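Notes for the one structure printed next.
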Protein chains: 2
Amino acid sequence: MSFEVTILGSSSAAPVYNRHPSSQVLNIREKLFLIDCGEGTQIQMMRYKIRHNRIRHIFISHLHGDHYLGLMGLLSTMNLQGRTTELHLYAQAELMDLIETQLRLSNTVLRYNLIFHPTKYYLNEVIMEDDDVTVRTVILNHRIPCTGFVFKEKPKPRKLLISKIQRENIPFEFYNRLKAGEDYKDHSGKIIKNEDLTKPSAEPLSYAYCSDTIFDESIIPSISGVDMLYHESTFMHEHRERAKATYHSTSIQAATIATKANVKKLIIGHFSARYRNLEPMLTEARDMFENTELAIEGSRFTVDEHQLAE
Amino acid sequence: MSFEVTILGSSSAAPVYNRHPSSQVLNIREKLFLIDCGEGTQIQMMRYKIRHNRIRHIFISHLHGDHYLGLMGLLSTMNLQGRTTELHLYAQAELMDLIETQLRLSNTVLRYNLIFHPTKYYLNEVIMEDDDVTVRTVILNHRIPCTGFVFKEKPKPRKLLISKIQRENIPFEFYNRLKAGEDYKDHSGKIIKNEDLTKPSAEPLSYAYCSDTIFDESIIPSISGVDMLYHESTFMHEHRERAKATYHSTSIQAATIATKANVKKLIIGHFSARYRNLEPMLTEARDMFENTELAIEGSRFTVDEHQLAE
């Protein structure tokens with residue numbers, strides 16, 4: 001089952017060197033979640049073949065332009081191209097006012113249902129839940145209210161040991177109860193333990209998106225042990241004073257959070273315009289946390305092979 | 001002296017086939033005027049090497065997203081990159097509210113002076129004037145309030161006939177008065193006619209931008225005789241009913257306006273997503289008005305050679 005993030009943009013503030021502002025698409029079990037939506041996101045989606053009609057949920061971290069200025073155009077294009085499927089938007093409440101104003105000024109009534117879920121800037125909470133995923137906010141520490149997002153898969157059903165099940169003549173109708181972990185009692189009253197008929201599935205996977213934020217260890221409990229962590233790394237460590245002053249983080253700080261939170265993979269992004277070449281930043285982060293990758297546009301990241309469920 | 005328009009985007013509504021929404025840069029005597037600013041304009045400016053710090057005036061025709069959603073990002077990038085030069089913005093009043101809201105939400109104070117000039121949607125009027133150019137609005141007929149813009153060069157100074165001037169021993173200090181058309185009176189009281197000492201410069205040039213609009217001949221007096229006319233041509237003529245219903249124009253309608261307004265060159269743009277290949281649209285327009293060009297991104301259009309002043 002899929003668990004993959006595609007980077008659409010990872011530039012901080014101003015787009016430079018053909019780097020676009022923040023946006024990424026998370027694919028969990030073929031459900032697509034759009035996280036942040038900087039200017040040009042709809043064009044990046046075309047470039048990387050992400051069909052916007054597959055997106056049901058959009059999460060906006062905060063209201064700096066490089067994280068949301070592509071949203072209005074995307075909503076409009078979805079409308080023009082005939083979308084009727086409802087769309088869920090998670091962001092600070094003020095964004096909905098802005099969208100409503102822009103729709104009113106352009107005399108547009110969306111043909112699909114846009115369901116707005118205001119996020120709180122003072123409280124980590126579950127903001128979305130379905131059969132496959134739970135999404136929680138993580139309060140970040142930035143110049144304006146800003147939330148990260150932690151996506152956790154729901155536990156997967158246990159896997160059936162088909163040869164054993166057939167040997168015991170267990171009826172097909174009982175398979176889903178076996179997947180859910182029940183023991184089986186046959187007509188004679190004999191109990192067969194679930195663990196003799198099934199094996200555990202792969203552990204549920206998790207992904208955390210933390211951008212933008214100053215270095216702040218208070219987020220660690222919320223992201224502890226995630227399989228992949230996207231943490232902003234606007235600056236090299238030599239510019240840590242600038243990072244602090246602007247409520248951003250450095251490569252070493254991102255790697256420190258990854259280490260202390262015991263995550264499995266770190267993806268760094270939100271690169272300042274002052275760095276054309278990002279290899280030194282990658283080297284710097286890897287010195288502290290080896291399994292680090294750069295959020296280069298068009299890159300797709302997943303967990304290690306053995307973690308993926310069949 | 002330069003008189004040239006560079007197309008940054010000419011897609012209608014949704015960006016498709018790598019076509020970006022409306023934006024163009026008009027260069028008059030090395031002054032740059034940005035006209036409309038769809039999503040991605042700042043990235044298109046980088047692509048076509050338009051330096052945004054050279055832009056002093058931005059004109060927004062109307063508040064459909066494909067004509068202004070790139071503005072907030074551009075204003076923000078100008079700020080981040082240290083702009084201090086004042087910037088003039090001409091648009092419907094509601095846009096300034098939107099900009100102020102977005103600046104407030106992102107906790108941003110621009111370091112440059114953004115001077116807003118609200119346009120009227122019911123009255124053609126001069127909205128900008130300096131030593132080189134006059135800009136007037138043209139009320140267009142669209143689904144929401146929309147203005148076109150007519151840029152007219154100021155008359156250029158007359159050209160000095162240097163050999164005649166030297167023969168008459170006219171002092172250097174008088175040259176500017178000759179350029180302005182004055183006759184010369186020497187110490188003996190003899191009058192030398194200006195037309196014997198100077199020749200006229202090339203005629204002042206003019207450019208009209210008309211997008212978006214339904215076919216409406218009432219605009220003709222306002223754009224009559226311009227050297228270049230950009231007129232929207234969202235649809236082929238076979239889709240004229242659709243054009244009418246959506247307050248847009250067809251290729252033949254744009255060519256009709258160009259013909260009746262007796263303009264010298266027509267540039268058509270704002271192409272619907274339904275046309276991947278634009279050659280048939282060009283052919284259709286040229287059948288009626290031969291000197292027609294497609295507003296393909298990156299194209300630069302100027303007037304015919306003999307019209308350009310030395």
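How things are named: the first chain in the structure tokens is A, the next is B, and so on; residues count from 1 in each chain; ligands count from 1 in the order shown.
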
Chain B residues near chain A (10 Å cut-off, only C-alpha atoms) as a PDB file with N, CA and C atoms, in the first residue's frame:
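Contents of result.pdb, as written:
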```
ATOM      1  N   ALA B  13      -8.608  31.908 -17.790  1.00  0.00           N
ATOM      2  CA  ALA B  13      -8.956  31.177 -16.567  1.00  0.00           C
ATOM      3  C   ALA B  13      -7.911  30.163 -16.098  1.00  0.00           C
ATOM      4  N   ALA B  14      -8.017  28.919 -16.530  1.00  0.00           N
ATOM      5  CA  ALA B  14      -7.127  27.880 -15.997  1.00  0.00           C
ATOM      6  C   ALA B  14      -5.850  27.779 -16.833  1.00  0.00           C
ATOM      7  N   PRO B  15      -4.685  27.668 -16.185  1.00  0.00           N
ATOM      8  CA  PRO B  15      -3.444  27.474 -16.943  1.00  0.00           C
ATOM      9  C   PRO B  15      -3.400  26.059 -17.534  1.00  0.00           C
ATOM     10  N   VAL B  16      -3.092  25.993 -18.823  1.00  0.00           N
ATOM     11  CA  VAL B  16      -3.017  24.690 -19.501  1.00  0.00           C
ATOM     12  C   VAL B  16      -1.915  24.709 -20.540  1.00  0.00           C
ATOM     13  N   TYR B  17      -1.473  23.521 -20.957  1.00  0.00           N
ATOM     14  CA  TYR B  17      -0.452  23.390 -22.018  1.00  0.00           C
ATOM     15  C   TYR B  17       0.716  24.329 -21.766  1.00  0.00           C
ATOM     16  N   ASN B  18       1.094  24.476 -20.498  1.00  0.00           N
ATOM     17  CA  ASN B  18       2.174  25.393 -20.161  1.00  0.00           C
ATOM     18  C   ASN B  18       1.856  26.856 -20.510  1.00  0.00           C
ATOM     19  N   ARG B  19       0.588  27.180 -20.662  1.00  0.00           N
ATOM     20  CA  ARG B  19       0.208  28.576 -20.866  1.00  0.00           C
ATOM     21  C   ARG B  19      -0.197  29.158 -19.521  1.00  0.00           C
ATOM     22  N   HIS B  20       0.321  30.327 -19.235  1.00  0.00           N
ATOM     23  CA  HIS B  20       0.060  30.968 -17.948  1.00  0.00           C
ATOM     24  C   HIS B  20      -1.042  32.021 -18.077  1.00  0.00           C
ATOM     25  N   GLY B  38      -1.485  37.609 -13.420  1.00  0.00           N
ATOM     26  CA  GLY B  38      -2.027  36.297 -13.058  1.00  0.00           C
ATOM     27  C   GLY B  38      -1.036  35.482 -12.239  1.00  0.00           C
ATOM     28  N   GLU B  39      -1.523  34.393 -11.673  1.00  0.00           N
ATOM     29  CA  GLU B  39      -0.668  33.522 -10.852  1.00  0.00           C
ATOM     30  C   GLU B  39       0.582  33.106 -11.623  1.00  0.00           C
ATOM     31  N   GLY B  40       1.719  33.233 -10.978  1.00  0.00           N
ATOM     32  CA  GLY B  40       2.976  32.802 -11.601  1.00  0.00           C
ATOM     33  C   GLY B  40       3.692  33.910 -12.362  1.00  0.00           C
ATOM     34  N   THR B  41       3.141  35.128 -12.346  1.00  0.00           N
ATOM     35  CA  THR B  41       3.767  36.222 -13.100  1.00  0.00           C
ATOM     36  C   THR B  41       5.215  36.448 -12.657  1.00  0.00           C
ATOM     37  N   GLN B  42       5.469  36.416 -11.351  1.00  0.00           N
ATOM     38  CA  GLN B  42       6.851  36.676 -10.914  1.00  0.00           C
ATOM     39  C   GLN B  42       7.808  35.607 -11.446  1.00  0.00           C
ATOM     40  N   ILE B  43       7.320  34.398 -11.607  1.00  0.00           N
ATOM     41  CA  ILE B  43       8.185  33.334 -12.143  1.00  0.00           C
ATOM     42  C   ILE B  43       8.378  33.533 -13.648  1.00  0.00           C
ATOM     43  N   MET B  46      11.001  36.115 -14.216  1.00  0.00           N
ATOM     44  CA  MET B  46      12.366  35.573 -14.139  1.00  0.00           C
ATOM     45  C   MET B  46      12.719  34.858 -15.432  1.00  0.00           C
ATOM     46  N   ARG B  47      11.750  34.086 -15.935  1.00  0.00           N
ATOM     47  CA  ARG B  47      12.011  33.316 -17.160  1.00  0.00           C
ATOM     48  C   ARG B  47      12.357  34.239 -18.323  1.00  0.00           C
ATOM     49  N   HIS B  62      -9.223  43.675 -13.888  1.00  0.00           N
ATOM     50  CA  HIS B  62     -10.413  43.285 -13.127  1.00  0.00           C
ATOM     51  C   HIS B  62     -10.074  42.172 -12.156  1.00  0.00           C
ATOM     52  N   LEU B  63     -11.045  41.840 -11.297  1.00  0.00           N
ATOM     53  CA  LEU B  63     -10.740  40.965 -10.169  1.00  0.00           C
ATOM     54  C   LEU B  63     -11.176  39.516 -10.391  1.00  0.00           C
ATOM     55  N   HIS B  64     -11.052  39.029 -11.617  1.00  0.00           N
ATOM     56  CA  HIS B  64     -11.057  37.586 -11.824  1.00  0.00           C
ATOM     57  C   HIS B  64      -9.630  37.092 -11.558  1.00  0.00           C
ATOM     58  N   GLY B  65      -9.560  35.955 -10.871  1.00  0.00           N
ATOM     59  CA  GLY B  65      -8.272  35.476 -10.376  1.00  0.00           C
ATOM     60  C   GLY B  65      -7.180  35.383 -11.426  1.00  0.00           C
ATOM     61  N   ASP B  66      -7.535  35.013 -12.656  1.00  0.00           N
ATOM     62  CA  ASP B  66      -6.502  34.829 -13.675  1.00  0.00           C
ATOM     63  C   ASP B  66      -5.867  36.150 -14.099  1.00  0.00           C
ATOM     64  N   LEU B  69      -4.078  37.107  -9.404  1.00  0.00           N
ATOM     65  CA  LEU B  69      -3.644  36.265  -8.276  1.00  0.00           C
ATOM     66  C   LEU B  69      -2.123  36.178  -8.108  1.00  0.00           C
ATOM     67  N   GLY B  70      -1.373  36.668  -9.069  1.00  0.00           N
ATOM     68  CA  GLY B  70       0.089  36.699  -8.899  1.00  0.00           C
ATOM     69  C   GLY B  70       0.590  37.976  -8.246  1.00  0.00           C
ATOM     70  N   LEU B  71      -0.322  38.911  -8.007  1.00  0.00           N
ATOM     71  CA  LEU B  71       0.113  40.229  -7.528  1.00  0.00           C
ATOM     72  C   LEU B  71       0.686  40.172  -6.114  1.00  0.00           C
ATOM     73  N   MET B  72      -0.018  39.480  -5.214  1.00  0.00           N
ATOM     74  CA  MET B  72       0.406  39.472  -3.805  1.00  0.00           C
ATOM     75  C   MET B  72       1.809  38.876  -3.673  1.00  0.00           C
ATOM     76  N   GLY B  73       2.069  37.821  -4.415  1.00  0.00           N
ATOM     77  CA  GLY B  73       3.396  37.197  -4.379  1.00  0.00           C
ATOM     78  C   GLY B  73       4.462  38.128  -4.929  1.00  0.00           C
ATOM     79  N   LEU B  74       4.138  38.832  -5.987  1.00  0.00           N
ATOM     80  CA  LEU B  74       5.105  39.775  -6.579  1.00  0.00           C
ATOM     81  C   LEU B  74       5.403  40.922  -5.612  1.00  0.00           C
ATOM     82  N   SER B  76       5.212  40.860  -2.459  1.00  0.00           N
ATOM     83  CA  SER B  76       5.962  40.295  -1.345  1.00  0.00           C
ATOM     84  C   SER B  76       7.427  40.061  -1.731  1.00  0.00           C
ATOM     85  N   THR B  77       7.648  39.546  -2.931  1.00  0.00           N
ATOM     86  CA  THR B  77       9.026  39.304  -3.380  1.00  0.00           C
ATOM     87  C   THR B  77       9.777  40.627  -3.541  1.00  0.00           C
ATOM     88  N   MET B  78       9.110  41.633  -4.079  1.00  0.00           N
ATOM     89  CA  MET B  78       9.738  42.956  -4.179  1.00  0.00           C
ATOM     90  C   MET B  78      10.204  43.411  -2.803  1.00  0.00           C
ATOM     91  N   ASN B  79       9.355  43.180  -1.816  1.00  0.00           N
ATOM     92  CA  ASN B  79       9.674  43.593  -0.451  1.00  0.00           C
ATOM     93  C   ASN B  79      10.854  42.813   0.114  1.00  0.00           C
ATOM     94  N   LEU B  80      10.815  41.501  -0.081  1.00  0.00           N
ATOM     95  CA  LEU B  80      11.883  40.643   0.439  1.00  0.00           C
ATOM     96  C   LEU B  80      13.219  40.959  -0.203  1.00  0.00           C
ATOM     97  N   GLN B  81      13.153  41.384  -1.470  1.00  0.00           N
ATOM     98  CA  GLN B  81      14.409  41.645  -2.162  1.00  0.00           C
ATOM     99  C   GLN B  81      14.847  43.097  -2.011  1.00  0.00           C
ATOM    100  N   GLU B  94     -11.484  47.495  -4.383  1.00  0.00           N
ATOM    101  CA  GLU B  94     -11.548  46.317  -3.516  1.00  0.00           C
ATOM    102  C   GLU B  94     -10.215  45.588  -3.442  1.00  0.00           C
ATOM    103  N   LEU B  95      -9.384  45.741  -4.477  1.00  0.00           N
ATOM    104  CA  LEU B  95      -8.105  45.020  -4.463  1.00  0.00           C
ATOM    105  C   LEU B  95      -7.222  45.511  -3.325  1.00  0.00           C
ATOM    106  N   ASP B  97      -8.150  46.565  -0.408  1.00  0.00           N
ATOM    107  CA  ASP B  97      -8.605  45.930   0.838  1.00  0.00           C
ATOM    108  C   ASP B  97      -8.022  44.528   0.967  1.00  0.00           C
ATOM    109  N   LEU B  98      -8.057  43.819  -0.156  1.00  0.00           N
ATOM    110  CA  LEU B  98      -7.560  42.445  -0.170  1.00  0.00           C
ATOM    111  C   LEU B  98      -6.065  42.411   0.148  1.00  0.00           C
ATOM    112  N   THR B 101      -5.521  43.185   3.831  1.00  0.00           N
ATOM    113  CA  THR B 101      -5.858  42.022   4.660  1.00  0.00           C
ATOM    114  C   THR B 101      -4.723  40.994   4.624  1.00  0.00           C
ATOM    115  N   GLN B 102      -4.221  40.743   3.431  1.00  0.00           N
ATOM    116  CA  GLN B 102      -3.181  39.717   3.315  1.00  0.00           C
ATOM    117  C   GLN B 102      -1.875  40.159   3.986  1.00  0.00           C
ATOM    118  N   LEU B 103      -1.563  41.432   3.890  1.00  0.00           N
ATOM    119  CA  LEU B 103      -0.367  41.934   4.582  1.00  0.00           C
ATOM    120  C   LEU B 103      -0.546  41.808   6.095  1.00  0.00           C
ATOM    121  N   ARG B 104      -1.733  42.141   6.569  1.00  0.00           N
ATOM    122  CA  ARG B 104      -1.994  42.065   8.007  1.00  0.00           C
ATOM    123  C   ARG B 104      -1.901  40.624   8.501  1.00  0.00           C
ATOM    124  N   LEU B 105      -2.506  39.697   7.753  1.00  0.00           N
ATOM    125  CA  LEU B 105      -2.484  38.289   8.172  1.00  0.00           C
ATOM    126  C   LEU B 105      -1.063  37.740   8.206  1.00  0.00           C
ATOM    127  N   SER B 106      -0.219  38.205   7.303  1.00  0.00           N
ATOM    128  CA  SER B 106       1.150  37.687   7.278  1.00  0.00           C
ATOM    129  C   SER B 106       2.091  38.562   8.102  1.00  0.00           C
ATOM    130  N   ASN B 107       1.495  39.551   8.795  1.00  0.00           N
ATOM    131  CA  ASN B 107       2.276  40.412   9.677  1.00  0.00           C
ATOM    132  C   ASN B 107       3.426  41.078   8.924  1.00  0.00           C
ATOM    133  N   THR B 108       3.092  41.608   7.743  1.00  0.00           N
ATOM    134  CA  THR B 108       4.107  42.214   6.882  1.00  0.00           C
ATOM    135  C   THR B 108       3.840  43.712   6.729  1.00  0.00           C
ATOM    136  N   ARG B 143     -18.303  40.348 -17.193  1.00  0.00           N
ATOM    137  CA  ARG B 143     -19.233  39.828 -16.205  1.00  0.00           C
ATOM    138  C   ARG B 143     -19.133  40.581 -14.875  1.00  0.00           C
ATOM    139  N   ILE B 144     -17.953  41.140 -14.622  1.00  0.00           N
ATOM    140  CA  ILE B 144     -17.740  41.977 -13.441  1.00  0.00           C
ATOM    141  C   ILE B 144     -17.060  43.258 -13.926  1.00  0.00           C
ATOM    142  N   PRO B 145     -17.001  44.318 -13.096  1.00  0.00           N
ATOM    143  CA  PRO B 145     -16.367  45.568 -13.548  1.00  0.00           C
ATOM    144  C   PRO B 145     -14.968  45.311 -14.097  1.00  0.00           C
ATOM    145  N   ALA B 273      -8.928  27.131 -22.700  1.00  0.00           N
ATOM    146  CA  ALA B 273      -8.255  25.837 -22.536  1.00  0.00           C
ATOM    147  C   ALA B 273      -8.708  24.822 -23.587  1.00  0.00           C
TER     148      ALA B 273
END
```

- strand (DSSP E or B) per DSSP on the backbone: members of stretch 128-237 of chain A, as number ranges by chain: A: 128-129, 133-139, 147-153, 159-160, 184-185, 191-192, 198-199, 206-210, 228-232, 235

With N, CA and C atoms kept, could you save the residues just selected as a short mmCIF file (atom, residue, chain, number, x, y, z; two decimals), in the first residue's frame?
```
data_model
loop_
_atom_site.label_atom_id
_atom_site.label_comp_id
_atom_site.auth_asym_id
_atom_site.auth_seq_id
_atom_site.Cartn_x
_atom_site.Cartn_y
_atom_site.Cartn_z
N MET A 128 -8.74 15.58 11.43
CA MET A 128 -9.33 14.78 10.37
C MET A 128 -9.12 13.31 10.70
N GLU A 129 -10.13 12.52 10.41
CA GLU A 129 -10.01 11.10 10.71
C GLU A 129 -10.93 10.34 9.76
N VAL A 133 -6.69 7.04 8.01
CA VAL A 133 -5.72 8.04 8.49
C VAL A 133 -6.30 8.89 9.61
N THR A 134 -5.40 9.31 10.50
CA THR A 134 -5.73 10.35 11.47
C THR A 134 -4.74 11.49 11.26
N VAL A 135 -5.24 12.72 11.27
CA VAL A 135 -4.35 13.88 11.12
C VAL A 135 -4.48 14.75 12.36
N ARG A 136 -3.33 15.03 12.97
CA ARG A 136 -3.29 15.92 14.14
C ARG A 136 -2.49 17.17 13.81
N THR A 137 -2.85 18.26 14.41
CA THR A 137 -2.01 19.46 14.28
C THR A 137 -0.87 19.40 15.31
N VAL A 138 0.20 20.09 14.99
CA VAL A 138 1.30 20.32 15.94
C VAL A 138 1.53 21.83 15.94
N ILE A 139 1.39 22.46 17.08
CA ILE A 139 1.60 23.90 17.12
C ILE A 139 3.08 24.19 16.93
N THR A 147 0.69 25.91 12.17
CA THR A 147 0.54 24.53 12.64
C THR A 147 1.23 23.58 11.68
N GLY A 148 1.91 22.58 12.26
CA GLY A 148 2.35 21.43 11.48
C GLY A 148 1.24 20.40 11.48
N PHE A 149 1.48 19.31 10.77
CA PHE A 149 0.47 18.26 10.66
C PHE A 149 1.15 16.89 10.79
N VAL A 150 0.55 16.01 11.58
CA VAL A 150 1.06 14.64 11.69
C VAL A 150 0.01 13.69 11.14
N PHE A 151 0.39 12.94 10.12
CA PHE A 151 -0.51 11.98 9.47
C PHE A 151 -0.15 10.59 9.97
N LYS A 152 -1.11 9.89 10.56
CA LYS A 152 -0.86 8.53 11.03
C LYS A 152 -1.83 7.58 10.38
N GLU A 153 -1.28 6.54 9.78
CA GLU A 153 -2.15 5.48 9.27
C GLU A 153 -2.88 4.81 10.41
N LYS A 159 -3.03 -10.15 8.59
CA LYS A 159 -2.98 -10.89 7.32
C LYS A 159 -3.36 -12.35 7.57
N LEU A 160 -4.19 -12.88 6.69
CA LEU A 160 -4.66 -14.26 6.84
C LEU A 160 -3.57 -15.24 6.41
N TYR A 184 -11.24 -18.09 16.62
CA TYR A 184 -12.33 -18.79 15.94
C TYR A 184 -12.78 -19.95 16.82
N LYS A 185 -14.10 -20.07 16.96
CA LYS A 185 -14.63 -21.22 17.69
C LYS A 185 -15.42 -22.06 16.69
N ILE A 191 -11.59 -23.85 20.29
CA ILE A 191 -11.12 -22.49 19.98
C ILE A 191 -9.77 -22.55 19.29
N ILE A 192 -9.70 -21.85 18.18
CA ILE A 192 -8.40 -21.71 17.51
C ILE A 192 -7.96 -20.26 17.67
N THR A 198 -3.52 -15.98 11.61
CA THR A 198 -3.15 -14.71 10.96
C THR A 198 -1.75 -14.31 11.41
N LYS A 199 -1.21 -13.33 10.69
CA LYS A 199 0.04 -12.70 11.16
C LYS A 199 -0.17 -11.19 11.15
N SER A 206 3.67 6.79 9.51
CA SER A 206 3.33 8.15 9.93
C SER A 206 4.26 9.17 9.27
N TYR A 207 3.72 10.36 9.08
CA TYR A 207 4.46 11.44 8.41
C TYR A 207 4.17 12.74 9.13
N ALA A 208 5.21 13.51 9.40
CA ALA A 208 5.00 14.81 10.06
C ALA A 208 5.54 15.93 9.18
N TYR A 209 4.77 17.01 9.08
CA TYR A 209 5.14 18.19 8.29
C TYR A 209 5.31 19.35 9.26
N CYS A 210 6.52 19.85 9.38
CA CYS A 210 6.79 20.94 10.32
C CYS A 210 7.46 22.11 9.60
N MET A 228 8.58 9.42 8.57
CA MET A 228 9.23 10.48 7.80
C MET A 228 8.86 11.81 8.42
N LEU A 229 9.86 12.65 8.55
CA LEU A 229 9.64 14.00 9.08
C LEU A 229 10.11 15.00 8.03
N TYR A 230 9.19 15.90 7.60
CA TYR A 230 9.60 17.07 6.82
C TYR A 230 9.78 18.18 7.83
N HIS A 231 11.00 18.69 7.94
CA HIS A 231 11.25 19.81 8.85
C HIS A 231 11.93 20.90 8.06
N GLU A 232 11.44 22.11 8.23
CA GLU A 232 12.06 23.22 7.48
C GLU A 232 13.52 23.37 7.86
N PHE A 235 17.96 27.78 6.64
CA PHE A 235 19.34 28.29 6.65
C PHE A 235 20.38 27.20 6.93
#
```

- Just give me the gap between atom CA of B:Phe271 and atom CA of B:Glu217 in Å, one decimal is fine. 20.8 Å

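These are the residues of stretch 99-190 of chain A assigned helix (DSSP H, G or I) by DSSP from backbone coordinates: Ile99, Glu100, Thr101, Gln102, Leu103, Arg104, Leu105, Ile162, Ser163, Lys164, Ile165, Gln166, Arg167, Phe172, Glu173, Phe174, Tyr175, Asn176, Arg177, Leu178 and Lys179 of chain A.
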
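Nearest to B:Asn176 of all the residues B:Tyr247, B:Lys156, B:Ile50, B:Thr234 is B:Lys156, counting only C-alpha atoms.
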
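Among the candidates B:Ala254, B:Cys37, B:Met45, B:Leu26, the residue lying nearest to B:Gly298 is B:Met45 (atoms considered: only C-alpha atoms).
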
- Task: Just the residues within 9 Å of A:Met236, please, counting only C-alpha atoms, with nothing from its chain fewer than 5 positions along; format it as a ChimeraX atom specification.
- Result: /A:243,249-252,275,280-281,284

- Task: Give the answer as one residue: which of B:Phe174, B:Glu182, B:Lys193, B:His142 has the shortest atom-to-atom distance to B:Phe215, using only C-alpha atoms?
- Result: B:His142

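The interatomic distance for the pair atom CA of B:Ile268 and atom CA of B:Ser233 works out to 5.6 Å.
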